[in-house]
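Undergrad: Submitted below is the structure of interest, expressed as structure tokens.
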Amino acid sequence: MPLFCKQCESRRLPVMLSAGKETLWLCEKCKNFVNNDDFIIREQTEEERQEIKRKLEEFEEYEASKD
Ligand SMILES: [Zn+2]
């Protein structure tokens, strides 16, 4: 599993872009995706960046409201 980015050695995050598709690994620093073979697929788009940010914020709000 390509858990760490070869370029900057940051941790990659597994991202499923759409249901049923393979999981890609995102480096938030380099802003690119690799597949399970650690092969760079493409750069992350601005839209995807916002979407992931939004999901993360939702998750954090949910976690904060649990008590
Ligand atoms: Zn990187």
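Scheme for the structure tokens: letters A, B, ... for chains in order shown; per-chain residue numbers from 1; ligand numbers from 1 in order shown.
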Can you tell me which residues surround Thr23 (chain A) at a distance of at most 9 Å, considering only C-alpha atoms, apart from same-chain residues fewer than 4 positions away, and format the answer as a PyMOL selection string?
TA: chain A and resi 14-18+35-36
Undergrad: Can I get the selected residues back with N, CA and C atoms, as a short mmCIF file (atom, residue, chain, number, x, y, z; two decimals), in the first residue's frame?
TA:
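After the write, result.cif holds the following:
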data_model
loop_
_atom_site.label_atom_id
_atom_site.label_comp_id
_atom_site.auth_asym_id
_atom_site.auth_seq_id
_atom_site.Cartn_x
_atom_site.Cartn_y
_atom_site.Cartn_z
N PRO A 14 -6.15 7.45 1.90
CA PRO A 14 -6.94 6.69 0.94
C PRO A 14 -8.23 7.45 0.63
N VAL A 15 -8.51 7.63 -0.64
CA VAL A 15 -9.69 8.38 -1.06
C VAL A 15 -10.46 7.56 -2.08
N MET A 16 -11.73 7.33 -1.80
CA MET A 16 -12.56 6.67 -2.79
C MET A 16 -13.37 7.75 -3.49
N LEU A 17 -13.06 7.99 -4.75
CA LEU A 17 -13.68 9.11 -5.46
C LEU A 17 -15.12 8.80 -5.84
N SER A 18 -15.41 7.56 -6.19
CA SER A 18 -16.81 7.19 -6.44
C SER A 18 -16.99 5.71 -6.11
N ASN A 35 -2.31 5.18 -7.50
CA ASN A 35 -3.15 4.00 -7.30
C ASN A 35 -2.43 3.03 -6.36
N ASN A 36 -2.98 1.85 -6.21
CA ASN A 36 -2.41 0.87 -5.28
C ASN A 36 -1.00 0.44 -5.64
#
Undergrad: Neighbours of ligand 1 at 8 Å or closer, counting only C-alpha atoms and all ligand atoms: which residues, as a VMD selection string?
TA: chain A and resid 4 to 12 27 to 32
Undergrad: Since we have the selection now, will you write its residues out, keeping N, CA and C atoms, as a compact mmCIF listing (two decimals), in the first residue's frame?
TA:
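That gives us result.txt:
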# COMPACT_ATOMS: atom_id res chain seq x y z
N PHE A 4 2.98 6.18 2.04
CA PHE A 4 3.79 7.38 2.12
C PHE A 4 4.18 7.86 0.73
N CYS A 5 4.17 9.17 0.57
CA CYS A 5 4.48 9.79 -0.71
C CYS A 5 5.97 9.67 -1.00
N LYS A 6 6.31 9.27 -2.20
CA LYS A 6 7.72 9.14 -2.58
C LYS A 6 8.39 10.50 -2.76
N GLN A 7 7.58 11.50 -3.12
CA GLN A 7 8.14 12.83 -3.38
C GLN A 7 8.49 13.56 -2.09
N CYS A 8 7.56 13.58 -1.14
CA CYS A 8 7.78 14.41 0.05
C CYS A 8 7.75 13.59 1.34
N GLU A 9 7.43 12.30 1.24
CA GLU A 9 7.39 11.38 2.38
C GLU A 9 6.29 11.69 3.39
N SER A 10 5.30 12.48 2.97
CA SER A 10 4.12 12.68 3.81
C SER A 10 3.24 11.44 3.72
N ARG A 11 2.37 11.34 4.68
CA ARG A 11 1.43 10.23 4.67
C ARG A 11 0.36 10.49 3.62
N ARG A 12 0.05 9.46 2.83
CA ARG A 12 -1.05 9.58 1.87
C ARG A 12 -2.35 9.16 2.52
N CYS A 27 -1.78 12.54 -1.71
CA CYS A 27 -0.81 13.30 -0.91
C CYS A 27 -1.31 14.73 -0.84
N GLU A 28 -1.63 15.20 0.35
CA GLU A 28 -2.18 16.55 0.48
C GLU A 28 -1.13 17.61 0.22
N LYS A 29 0.12 17.25 0.35
CA LYS A 29 1.20 18.21 0.13
C LYS A 29 1.47 18.37 -1.36
N CYS A 30 1.65 17.26 -2.07
CA CYS A 30 1.93 17.31 -3.51
C CYS A 30 0.65 17.44 -4.32
N LYS A 31 -0.47 17.14 -3.69
CA LYS A 31 -1.78 17.22 -4.34
C LYS A 31 -1.86 16.36 -5.60
N ASN A 32 -1.45 15.13 -5.45
CA ASN A 32 -1.64 14.19 -6.55
C ASN A 32 -2.10 12.84 -6.00
Undergrad: If you run DSSP over the backbone, which residues in chain A end up alpha helix (DSSP H)? Put them as JSON, numbers by chain.
TA: {"A": [46, 47, 48, 49, 50, 51, 52, 53, 54, 55, 56, 57, 58, 59, 60, 61, 62, 63, 64]}
Undergrad: Restricting the output to C-alpha atoms, write the selected residues as a PDB file, in the first residue's frame.
TA:
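And here is the file that came out, selection.pdb:
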ATOM      1  CA  GLU A  46      -9.483  22.226  -6.908  1.00  0.00           C
ATOM      2  CA  GLU A  47     -13.015  20.830  -6.812  1.00  0.00           C
ATOM      3  CA  GLU A  48     -11.821  17.598  -5.231  1.00  0.00           C
ATOM      4  CA  ARG A  49      -9.740  19.515  -2.751  1.00  0.00           C
ATOM      5  CA  GLN A  50     -12.816  21.455  -1.612  1.00  0.00           C
ATOM      6  CA  GLU A  51     -14.938  18.314  -1.475  1.00  0.00           C
ATOM      7  CA  ILE A  52     -12.447  16.494   0.744  1.00  0.00           C
ATOM      8  CA  LYS A  53     -12.124  19.555   2.964  1.00  0.00           C
ATOM      9  CA  ARG A  54     -15.911  19.743   3.295  1.00  0.00           C
ATOM     10  CA  LYS A  55     -16.199  16.054   4.202  1.00  0.00           C
ATOM     11  CA  LEU A  56     -13.461  16.388   6.771  1.00  0.00           C
ATOM     12  CA  GLU A  57     -15.188  19.369   8.372  1.00  0.00           C
ATOM     13  CA  GLU A  58     -18.478  17.477   8.494  1.00  0.00           C
ATOM     14  CA  PHE A  59     -16.737  14.572  10.144  1.00  0.00           C
ATOM     15  CA  GLU A  60     -15.079  16.819  12.704  1.00  0.00           C
ATOM     16  CA  GLU A  61     -18.393  18.459  13.518  1.00  0.00           C
ATOM     17  CA  TYR A  62     -19.976  15.036  13.942  1.00  0.00           C
ATOM     18  CA  GLU A  63     -17.149  13.908  16.212  1.00  0.00           C
ATOM     19  CA  ALA A  64     -17.466  17.097  18.281  1.00  0.00           C
TER      20      ALA A  64
END
Undergrad: Just the strand (DSSP E or B) stuff from chain A, please, per backbone DSSP, written as a list in words.
TA: Phe4, Arg11, Leu13, Pro14, Val15, Leu24, Trp25, Leu26, Cys27, Asn32, Phe33, Val34, Ile40, Ile41, Arg42 and Glu43 of chain A
Undergrad: Of the candidates A:Trp25, A:Lys66, A:Phe39, A:Met1, which one gets nearest to Leu13 (chain A) if we count only C-alpha atoms?
TA: A:Trp25
Undergrad: CA of Pro2 (chain A) to CA of Asp38 (chain A): how many Å, to one decimal?
TA: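 Atom-to-atom, CA of Pro2 (chain A) to CA of Asp38 (chain A), that is 5.3 Å.
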